[in-house]
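Written below as structure tokens is the structure these notes are about.
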Amino acid sequence: VLLVIQLIKSLWDEGLLWFSYRRKHWEWNSSLIESKKVPDDAADLMAEKILHFSPDLQLLLKKMACLGSQCDTSILCLLGGGCKDHNREDNYSMSTMLCHLDIAIHEGIVKKAGSKYIFAHDQIQK
């Protein structure tokens, strides 16, 4: 199921699938979809998606992966992923970290449960 959901999301993101309000149904570009290489599993599809994230978000996800399948916001903060650090020139703040995590949630990479962030698929962590 996760592969199907992620595949449909990727087709939407690439403009290969859209909803026609005029015709009131879904439409797609069959020839471009058929020429697209479809990953074998959801983890490959999600890993490809992660490569398009900002370097800061990729680093944040790597830190989370080192800690396991889930991570509390306070732990990420302690690792330097989101607390104000007056020694850093770019001043990567807690609000910036949370914005990055919101992107990962929206893209289906992680889920939020209370103050914990959980990888949506156990293979993403690897």
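Each chain in the structure tokens gets a letter, A, B and so on, in the order shown; residues start at 1 in every chain, and ligands are counted from 1 in the order they appear.
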With segment 91-108 of chain A as the partner and 9 Å as the cut-off, tabulate the residues of segment 22-52 of chain A that qualify, each row holding the nearest pair of atoms and their distance in Å to one decimal, using only C-alpha atoms, sorted by chain and rising number, as JSON lines.
```
{"residue": "A:Met46", "atom": "CA", "partner": "A:Gly108", "partner_atom": "CA", "distance": 8.2}
{"residue": "A:Lys49", "atom": "CA", "partner": "A:Glu107", "partner_atom": "CA", "distance": 8.3}
{"residue": "A:Ile50", "atom": "CA", "partner": "A:Ala104", "partner_atom": "CA", "distance": 8.5}
```
What does the file look like for those residues with C-alpha atoms, as a compact mmCIF listing (two decimals), in the first residue's frame?
```
# COMPACT_ATOMS: atom_id res chain seq x y z
CA MET A 46 11.18 7.68 -0.77
CA LYS A 49 12.49 11.90 -2.88
CA ILE A 50 14.89 12.63 0.00
```
All alpha helix (DSSP H) positions in segment 23-125 of chain A, as a PyMOL selection string: chain A and resi 30-35+42-50+55-67+73-78+94-106
Can you check which residues of chain A DSSP gives as strand (DSSP E or B) on the backbone and send them as a ChimeraX atom specification? /A:17-20,25-28,70-72,110-113,116-119
Would you pick out the contacts of Pro39 of chain A at 12 Å or less, using only C-alpha atoms, so that residues sharing its chain but fewer than 2 positions from it are not included, and give the list as a PyMOL selection string? chain A and resi 3-4+6-7+10+36-37+41-49
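Distance check against Leu16 of chain A using only C-alpha atoms: of A:Ile33, A:Asp72, A:Val110, A:Lys63, the minimum falls on A:Ile33.
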Counting only C-alpha atoms, closest pick from A:Gln70, A:Ile75, A:Leu11, A:Leu59 relative to Val38 of chain A is A:Leu11
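Atom CA of Leu76 of chain A is found 9.9 Å from atom CA of Leu61 of chain A.
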Close residues, Leu67 of chain A itself excluded, 12 Å, only C-alpha atoms, min 6 positions apart in chain, as a ChimeraX atom specification: /A:60-61,73,75-76,79,117-119,125-126
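We find atom CA of Glu14 of chain A and atom CA of Gln58 of chain A to be spaced 20.6 Å apart.
Closest approach to Ser115 of chain A from the set A:Phe53, A:Leu78, A:Trp12, A:Cys71 is made by A:Cys71, with distances taken over only C-alpha atoms.
Counting only C-alpha atoms, the residue from A:Leu32, A:His121, A:Trp26, A:Trp18 that sits nearest to Ala65 of chain A is A:His121.
As for atom CA of Leu51 of chain A and atom CA of Asn29 of chain A, they are spaced 24.4 Å apart.
Considering only C-alpha atoms, the residue among A:Ser69, A:Ser74, A:Ser20, A:Ser30 positioned nearest to Ala120 of chain A is A:Ser69.
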